[in-house]
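Asks: The structure's right below; bear with me while I get my questions together.
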Amino acid sequence: MGTVGTNEIESVDEPSLPVRLFRRYAPDPLVRLWLGDPDERRRKFESALATLEDELASLNEEQTALLDGEHYLTTRERRGFSESLQRAIDEYDELRSTTWPFPYSSNDRDRLDSIRSELQGITARLDGYNEEFVERQLEQYENLFTDIDEADHDLNRDQRKAVVRNDEYNQVIAGAGTGKTLVLTHRIAYQIERGVDPDRIAAVTLTRNARDEIQKRLDERFGITEVTVETFHSFANGIARQATDGHRSTIDDRDRRNFVEERIRDKLDGDDAAFARHYRQFLTHYSTETPVPNDHESRAEYVRARSERSYETLAGETVASQAEKAIADFLFTHGVEYQYEAIAEWAETGEDRDVYSPDFSLPEYDITIEHWGIDENGAVAPWFAWTSEEYREKLAWARQQFASSGHTLVETYDFEYWAGTLEKALTHRLARHGVRLDPMSFDDLVDHALDDHEREQHLIGLFAKFIDNAGTFDTDPDEIRADLSRHDPREYHFGVCGSILLEEYEDWKRRNGLVDFDDMIYDAVAAVREDPDRFQSQFEHVLVDEFQDVAISQIRLLDALTDGPDAPHLFCVGDDWQSIYAFRGAVVEYFVDFEEYFGPAAITELRETYRCPATVLEASTDLIANNPTQIEKSPVACSGRETTPRLHVLDGYDEWQYADRVGEYAATLVEQYLNEDSDPEDVMILSRYDSGAPFVDQVKEALEARSIPYDGKADGDRYRPDGAPAGSGAGVSVFSAHQAKGREAPHVILLHVARGEDGFAPDVRNNELLNPVRDVSANTDAEERRLFYVALTRSEATLDLLTKAGEESGFLDEIDAYLARSESVVDPGEVGDRVRITATVATLWDDPHESQAQAGLLEDESGRIKFVSWERTDPPVVAEGATYVFDEVEVSEYNGDREIHFTEATTIHEREPGNQ
Ligand SMILES: Nc1ncnc2c1ncn2[C@@H]1O[C@H](COP(=O)(O)OP(=O)(O)OP(=O)(O)O)[C@@H](O)[C@H]1O
């Protein structure tokens with residue numbers, strides 16, 4: 001808003017009664033003495049009046065040019081004009097109150113009145129101008145806004161306004177499925193129709209998918225192909241290249257990865273002993289996940305988790321502590337034969353003493369290694385079974401045994417482990433006793449340290465990502481090293497290796513004049529800051545998609561590009577509820593507090609939601625309300641579709657069985673939708689993660705087993721049944737929630753809505769290797785909740801949520817009121833409920849209790865449950881392997897586990913095999 005208010009401009013003041021009396025009765029010389037010469041004052045008044053009239057004339061001219069009805073009045077234009085207008089109003093105010101010492105003539109009055117009404121007119125025209133302009137545009141371009149698709153839909157009023165409003169800064173705030181992309185493409189078409197040169201319009205996206213989608217929509221709907229539609233990176237690259245005359249070559253993710261791979265190989269081949277040492281230690285700790293205090297609700301729980309924890313060594317035995325694992329792995333990877341906790345037969349035993357089994361015996365050398373779990377002060381950790389005093393006694397006794405028997409004892413301590421000096425100490429102490437250390441080759445080490453699907457390639461990818469993130473978050477190697485904690489050896493050694501590689505990567509780029517994606521953005525920002533006029537004048541419109549996920553470096557580029565009198569109009573669409581890329585440097589606050597960062601903006605909110613059924617929309621809106629801060633929105637469902645999201649609870653004896661079950665279950669749901677006339681491309685299966693989450697592979701396998709085509713994330717990650725015509729239709733989408741961004745499908749199935757590492761939301765955030773190079777504080781529950789929101793809101797018609805019994809995600813509680821639990825043996829209902837279930841008798845036990853007629857296990861796709869029927873109720877008899885619909889069975893509990901009990905009212909109906 002400008003500085004001119006809509007307040008009435010006041011009319012000419014009448015002199016007050018005392019003034020009039022004074023003027024009338026006071027002797028003239030006294031008046032003159034007191035107030036000066038009335039003629040002189042009169043002259044001044046008249047000249048000021050004339051000046052104001054001139055100013056008004058030029059204001060009127062300016063107004064005609066500015067409020068031409070042809071364009072939207074921007075804040076900047078308005079601000080300049082408002083200032084002149086306000087000056088004229090102030091001058092008028094002063095004149096109208098200058099009534100002393102001469103009376104107004106009627107001519108004065110007329111002139112002042114006329115100035116007043118003109119000023120009022122200009123103010124009113126200014127205030128209503130944009131609104132009127134928008135209305136006229138909506139009328140004039142009606143054709144552009146109606147019949148937008150095959151179903152003859154029209155843009156709604158807010159969407160149209162968002163298209164037409166054209167301030168310097170324009171923000172569209174909108175929930176999922178409100179037509180943001182639609183508005184963005186229509187705005188481009190509208191500007192071109194109004195005569196903007198397509199070359200002077202740039203649309204910028206975060207991903208190639210979004211770029212392709214916008215290009216496609218522009219071309220198919222409007223035949224527009226000349227507009228620049230680019231990802232941020234290529235947009236920035238274009239600018240940076242202009243500034244550097246295109247001399248620098250760019251490198252992409254693959255180049256970075258190749259560099260990392262080559263450097264690691266050279267270093268391990270003898271190039272860099274320090275790196276090799278850290279890498280070796282990282283590998284030996286690779287599968288160690290230490291319980292971290294923050295992951296536990298109380299210290300007591302953490303202590304319990306620590307005391308129950310055991311560790312598997314590279315050689316395959318289980319040891320009691322991380323330090324013991326480190327010793328075992330050190331011996332194993334240095335070719336030293338050892339026995340863990342072998343009985344020292346030579347030691348004393350007695351009534352009050354068990355046999356003595358020291359930690360490690362080296363049979364080749366008659367050397368024993370004891371690791372003492374004490375700190376520098378001789379105190380033991382809280383999860384030990386012994387007090388510090390008892391432990392010290394034990395230690396003294398052991399030393400005495402060695403001293404008196406002549407066997408060799410090598411000792412290590414926990415504080416050495418935590419200080420990161422354990423391996424060094426061992427090397428030194430063993431060498432002193434003549435132990436030969438023969439380090440294992442890296443290939444062998446990798447074979448032992450990493451399991452099949454996490455071979456070295458995975459690690460190389462992680463290091464490449466580490467370097468990439470350091471660029472995104474602008475973190476340098478020294479900062480990284482300063483932040484690493486030795487308490488997590490896995491993260492520590494990985495971080496040290498990563499920081500070494502990062503240093504060399506930066507150096508390599510410098511020496512060879514290379515730039516990567518992040519450099520490109522920083523270079524572009526520098527180029528624009530250096531010569532703003534040149535770059536700001538290139539475009540008239542810059543449009544940005546998914547603004548809530550734009551990274552901080554990219555925000556700086558937009559800021560530099562739009563901060564100037566001839567800068568392009570910036571148009572941003574986004575939804576803070578869908579901000580899910582904090583881990584890549586996105587800062588949602590730039591969207592939430594848009595005006596604070598950029599300046600006054602035309603802000604339009606889109607509320608009508610076309611994609612999701614009402615229940616899905618309400619559930620996801622309720623879900624998001626649990627986040628501490630966000631832009632308040634009240635979306636309105638317009639799809640006219642209804643559904644009840646279904647919750648399916650599954651279980652399994654172990655992770656693999658559960659994963660299999662998830663795969664089969666999801667594939668069965670897909671089959672049901674296909675049988676109901678849907679095509680594979682109508683179904684979208686989403687999980688929190690797509691790599692390393694076992695059930696995603698299982699889903700793909702299960703689909704393949706049923707000859708159902710699917711498409712995964714990467715180009716080659718797809719399956720088409722034999723005989724499917726090449727290039728025919730898309731398959732079921734199997735994606736991570738991040739990849740589902742901006743997409744939609746009638747049927748959405750969410751996998752593993754559960755706690756734990758791979759679920760929505762993962763609450764176990766164990767030592768994450770990339771933590772040193774990311775904004776850890778941004779990786780919050782709120783972000784996870786938004787990701788779940790994105791997943792839920794992909795649905796156009798139905799929504800199925802799969803979860804794991806006993807590990808249901810907290811998010812499910814937040815939307816519980818909207819969910820229907822699908823009947824299943826794993827989650828048949830509350831204890832005491834009488835229910836109907838359909839299940840197969842998996843097992844009948846031979847010898848049920850004498851009060852029982854039959855007992856055994858019932859099974860369906862969700863898992864298994866125990867059942868019992870009672871002699872006294874004369875129950876129906878079931879046969880092993882047969883499938884029944886059981887009516888009026890009761891959910892019961894025994895020893896904390898759910899069971900199904902037959903009641904006197906239970907009836908059964910056998911189902912034909914294969915008959916759903
Ligand atoms: N005015 C409208 N009338 C009918 N359908 C509409 C209208 N506006 C949008 N839609 C439909 O709503 C769906 C969502 O539109 P679009 O993909 O543009 O939304 P979006 O806001 O970008 O979504 P998201 O942020 O969730 O990815 C599309 O199927 C689109 O055709």
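Going by the structure tokens order, chains are called A, B, ..., each with residues numbered from 1, while ligands are numbered from 1 in the order shown.
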List all protein, DNA and RNA residues that have at least one atom no more than 8 Å from any atom of ligand 1, counting only C-alpha atoms and all ligand atoms, and write them as number ranges by chain.

Replies: A: 148-149, 153-156, 159, 174-183, 546, 574-575, 578, 608-611, 639, 741-744, 790, 793-794

Asks: Produce a file of the selected residues containing C-alpha atoms, as a JSON list (two decimals), in the first residue's frame.

Replies:
```json
[["chain", "number", "residue", "atom", "x", "y", "z"],
["A", 148, "ILE", "CA", -9.21, -25.23, -19.65],
["A", 149, "ASP", "CA", -9.39, -28.97, -20.16],
["A", 153, "HIS", "CA", -13.35, -26.81, -16.36],
["A", 154, "ASP", "CA", -12.80, -23.10, -15.72],
["A", 155, "LEU", "CA", -10.17, -21.44, -13.59],
["A", 156, "ASN", "CA", -11.71, -20.27, -10.34],
["A", 159, "GLN", "CA", -6.71, -18.63, -9.76],
["A", 174, "ALA", "CA", -1.81, -22.63, -2.00],
["A", 175, "GLY", "CA", -2.38, -26.09, -0.63],
["A", 176, "ALA", "CA", -1.82, -29.34, -2.47],
["A", 177, "GLY", "CA", -3.89, -29.84, -5.59],
["A", 178, "THR", "CA", -5.15, -26.25, -5.81],
["A", 179, "GLY", "CA", -3.81, -25.74, -9.31],
["A", 180, "LYS", "CA", -0.51, -23.97, -8.70],
["A", 181, "THR", "CA", 1.12, -25.35, -11.81],
["A", 182, "LEU", "CA", -2.01, -24.54, -13.75],
["A", 183, "VAL", "CA", -1.87, -20.92, -12.61],
["A", 546, "GLU", "CA", 7.65, -24.88, -5.61],
["A", 574, "GLY", "CA", 4.35, -22.57, -3.29],
["A", 575, "ASP", "CA", 2.95, -24.30, -0.28],
["A", 578, "GLN", "CA", 4.80, -29.13, 1.46],
["A", 608, "GLU", "CA", -10.21, -24.64, -3.63],
["A", 609, "THR", "CA", -8.64, -28.05, -3.81],
["A", 610, "TYR", "CA", -9.43, -30.16, -6.84],
["A", 611, "ARG", "CA", -7.39, -33.26, -6.36],
["A", 639, "SER", "CA", -13.32, -32.74, -6.17],
["A", 741, "LYS", "CA", 5.99, -34.32, -5.25],
["A", 742, "GLY", "CA", 3.84, -32.58, -7.84],
["A", 743, "ARG", "CA", 2.28, -35.84, -9.07],
["A", 744, "GLU", "CA", -1.11, -37.39, -8.50],
["A", 790, "VAL", "CA", 2.71, -34.63, 0.59],
["A", 793, "THR", "CA", -2.35, -35.52, -0.76],
["A", 794, "ARG", "CA", -1.32, -37.35, -3.92]]
```

Asks: Quick one: residues within 10 Å of Ala57 of chain A, only C-alpha atoms counted, chain neighbours fewer than 5 positions away excluded, as a list in words?

Replies: Thr51, Leu52, Glu62, Gln63, Ile115 and Glu118 of chain A

Asks: Now that the selection is made, can you save its residues with N, CA and C atoms as a PDB file, in the first residue's frame?

Replies:
```
ATOM      1  N   THR A  51       1.074  27.689  -6.877  1.00  0.00           N
ATOM      2  CA  THR A  51       2.039  26.577  -6.999  1.00  0.00           C
ATOM      3  C   THR A  51       1.319  25.239  -6.849  1.00  0.00           C
ATOM      4  N   LEU A  52       0.431  25.178  -5.863  1.00  0.00           N
ATOM      5  CA  LEU A  52      -0.297  23.929  -5.632  1.00  0.00           C
ATOM      6  C   LEU A  52      -1.141  23.573  -6.858  1.00  0.00           C
ATOM      7  N   GLU A  62       0.594  13.035 -14.590  1.00  0.00           N
ATOM      8  CA  GLU A  62       1.277  11.808 -14.164  1.00  0.00           C
ATOM      9  C   GLU A  62       0.255  10.684 -13.980  1.00  0.00           C
ATOM     10  N   GLN A  63      -0.860  11.077 -13.381  1.00  0.00           N
ATOM     11  CA  GLN A  63      -1.905  10.092 -13.135  1.00  0.00           C
ATOM     12  C   GLN A  63      -2.437   9.483 -14.427  1.00  0.00           C
ATOM     13  N   ILE A 115      -9.359  22.163  -5.626  1.00  0.00           N
ATOM     14  CA  ILE A 115      -8.131  21.376  -5.376  1.00  0.00           C
ATOM     15  C   ILE A 115      -8.481  20.160  -4.526  1.00  0.00           C
ATOM     16  N   GLU A 118     -10.236  17.445  -6.432  1.00  0.00           N
ATOM     17  CA  GLU A 118      -9.346  16.731  -7.368  1.00  0.00           C
ATOM     18  C   GLU A 118      -8.404  15.786  -6.623  1.00  0.00           C
TER      19      GLU A 118
END
```

Asks: Looking at only C-alpha atoms, which of A:Ile201, A:Ala88, A:Val868, A:Leu558 is the one that sits closest to Glu850 of chain A?

Replies: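 Going through A:Ile201, A:Ala88, A:Val868, A:Leu558 one by one, the smallest distance to Glu850 of chain A is for A:Val868.
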
Asks: Neighbours of Glu655 of chain A within 12 Å (only C-alpha atoms; same-chain residues fewer than 3 positions away dropped), as a list of chain:residue names?

Replies: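 The filter keeps A:Leu650, A:Asp651, A:Gly652, A:Tyr658, A:Ala659, A:Asp660, A:Arg661, A:Val662, A:Ala693, A:Pro694, A:Phe695, A:Gln698, A:His752, A:Gly756, A:Glu757, A:Asp758, A:Lys804.
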
Asks: Can you list every residue in segment 674-733 of chain A that DSSP puts in helix (DSSP H, G or I), as a compact mmCIF listing (two decimals) with C-alpha atoms, in the first residue's frame?

Replies:
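Now in selection.txt:
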```txt
# COMPACT_ATOMS: atom_id res chain seq x y z
CA LEU A 674 -6.98 -53.29 -11.65
CA ASN A 675 -9.95 -55.64 -11.40
CA PRO A 680 -1.61 -49.65 -13.68
CA GLU A 681 -0.73 -45.97 -14.10
CA ASP A 682 -3.69 -45.08 -11.88
CA PRO A 694 13.61 -53.68 1.80
CA PHE A 695 9.85 -53.67 1.29
CA VAL A 696 10.11 -51.47 -1.81
CA ASP A 697 12.08 -54.21 -3.56
CA GLN A 698 9.55 -56.70 -2.26
CA VAL A 699 6.67 -54.71 -3.73
CA LYS A 700 8.39 -54.64 -7.10
CA GLU A 701 9.02 -58.38 -6.95
CA ALA A 702 5.42 -59.10 -6.01
CA LEU A 703 4.14 -56.92 -8.87
CA GLU A 704 6.47 -58.66 -11.27
CA ALA A 705 5.29 -62.07 -10.06
```

Asks: Go ahead and compute the interatomic distance for atom CA of Glu504 of chain A and atom CA of Ser485 of chain A, in Å to one decimal.

Replies: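 Computing it gives 22.3 Å between the two atoms.
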
Asks: So that I can see what lies close to segment 511-517 of chain A, please list as a list in words the residues with an atom at most 8 Å from it, counting only C-alpha atoms and leaving out residues fewer than 3 positions away in the same chain.

Replies: His233, Arg248, Ser249, Thr250, Ile251, Asp252, Asp507, Trp508, Met520 and Ile521 of chain A

Asks: Pick out the residues sitting within 9 Å of segment 217-219 of chain A, and hand them over as a list in words; count only C-alpha atoms, and ignore anything fewer than 5 positions along from it in its own chain.

Replies: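 Neighbouring residues, sequence-local ones excluded: Leu182, Thr185, His186, Ile188, Ala189, Asp212, Ile224, Thr225 and Val227 of chain A.
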
Asks: Write to file, as a short mmCIF file (atom, residue, chain, number, x, y, z; two decimals), in the first residue's frame, the residues of the selection just made, with N, CA, C and O atoms.

Replies:
```cif
data_model
loop_
_atom_site.label_atom_id
_atom_site.label_comp_id
_atom_site.auth_asym_id
_atom_site.auth_seq_id
_atom_site.Cartn_x
_atom_site.Cartn_y
_atom_site.Cartn_z
N LEU A 182 -1.04 -25.04 -12.78
CA LEU A 182 -2.01 -24.54 -13.75
C LEU A 182 -1.96 -23.02 -13.82
O LEU A 182 -1.96 -22.41 -14.90
N THR A 185 1.31 -21.76 -15.56
CA THR A 185 1.34 -21.85 -17.02
C THR A 185 0.34 -20.86 -17.64
O THR A 185 0.63 -20.26 -18.68
N HIS A 186 -0.80 -20.67 -17.00
CA HIS A 186 -1.76 -19.70 -17.53
C HIS A 186 -1.21 -18.29 -17.46
O HIS A 186 -1.49 -17.46 -18.32
N ILE A 188 1.86 -17.43 -17.83
CA ILE A 188 2.78 -17.25 -18.96
C ILE A 188 1.98 -16.97 -20.24
O ILE A 188 2.27 -16.03 -20.98
N ALA A 189 0.94 -17.78 -20.45
CA ALA A 189 0.13 -17.60 -21.66
C ALA A 189 -0.51 -16.21 -21.67
O ALA A 189 -0.55 -15.53 -22.70
N ASP A 212 9.84 -30.38 -17.25
CA ASP A 212 9.20 -31.08 -18.38
C ASP A 212 7.69 -30.90 -18.35
O ASP A 212 7.06 -30.71 -19.37
N ILE A 224 2.92 -22.87 -26.80
CA ILE A 224 4.05 -21.98 -26.47
C ILE A 224 5.32 -22.80 -26.32
O ILE A 224 5.36 -23.75 -25.54
N THR A 225 6.35 -22.43 -27.08
CA THR A 225 7.60 -23.19 -26.99
C THR A 225 8.82 -22.29 -26.78
O THR A 225 9.90 -22.78 -26.48
N VAL A 227 9.35 -19.85 -24.55
CA VAL A 227 9.66 -19.38 -23.21
C VAL A 227 10.79 -20.20 -22.61
O VAL A 227 10.88 -21.40 -22.84
#
```

Asks: Could you give me, as a ChimeraX atom specification, the residues within 9 Å of segment 384-399 of chain A, counting only C-alpha atoms and dropping anything in the same chain fewer than 3 positions from it?

Replies: /A:307,347,356,358,372-374,378-381,402-404,409

Asks: Extract, using only C-alpha atoms, all DNA, RNA and protein residues at most 10 Å from segment 432-443 of chain A, discarding same-chain residues fewer than 3 positions from it, and format them as a VMD selection string.

Replies: chain A and resid 265 268 to 269 276 279 to 280 283 330 to 336 362 364 to 365 367 408 to 410 426 to 429 446 to 449 456

Asks: Can you tell me how far atom CA of Gly585 of chain A sits from atom CA of Ala551 of chain A, in Å to one decimal?

Replies: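 Result for atom CA of Gly585 of chain A versus atom CA of Ala551 of chain A: 4.8 Å, one decimal.
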
Asks: Find the distance between atom CA of Glu70 of chain A and atom CA of Thr604 of chain A and write it in Å to one decimal.

Replies: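 If I compute the distance from atom CA of Glu70 of chain A to atom CA of Thr604 of chain A, I get 20.9 Å.
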
Asks: Restricting the calculation to only C-alpha atoms: of A:Ser824, A:Asp523, A:Thr668, A:Pro772, which residue gets closest to Ile467 of chain A?

Replies: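 Nearest candidate to Ile467 of chain A out of A:Ser824, A:Asp523, A:Thr668, A:Pro772: A:Pro772.
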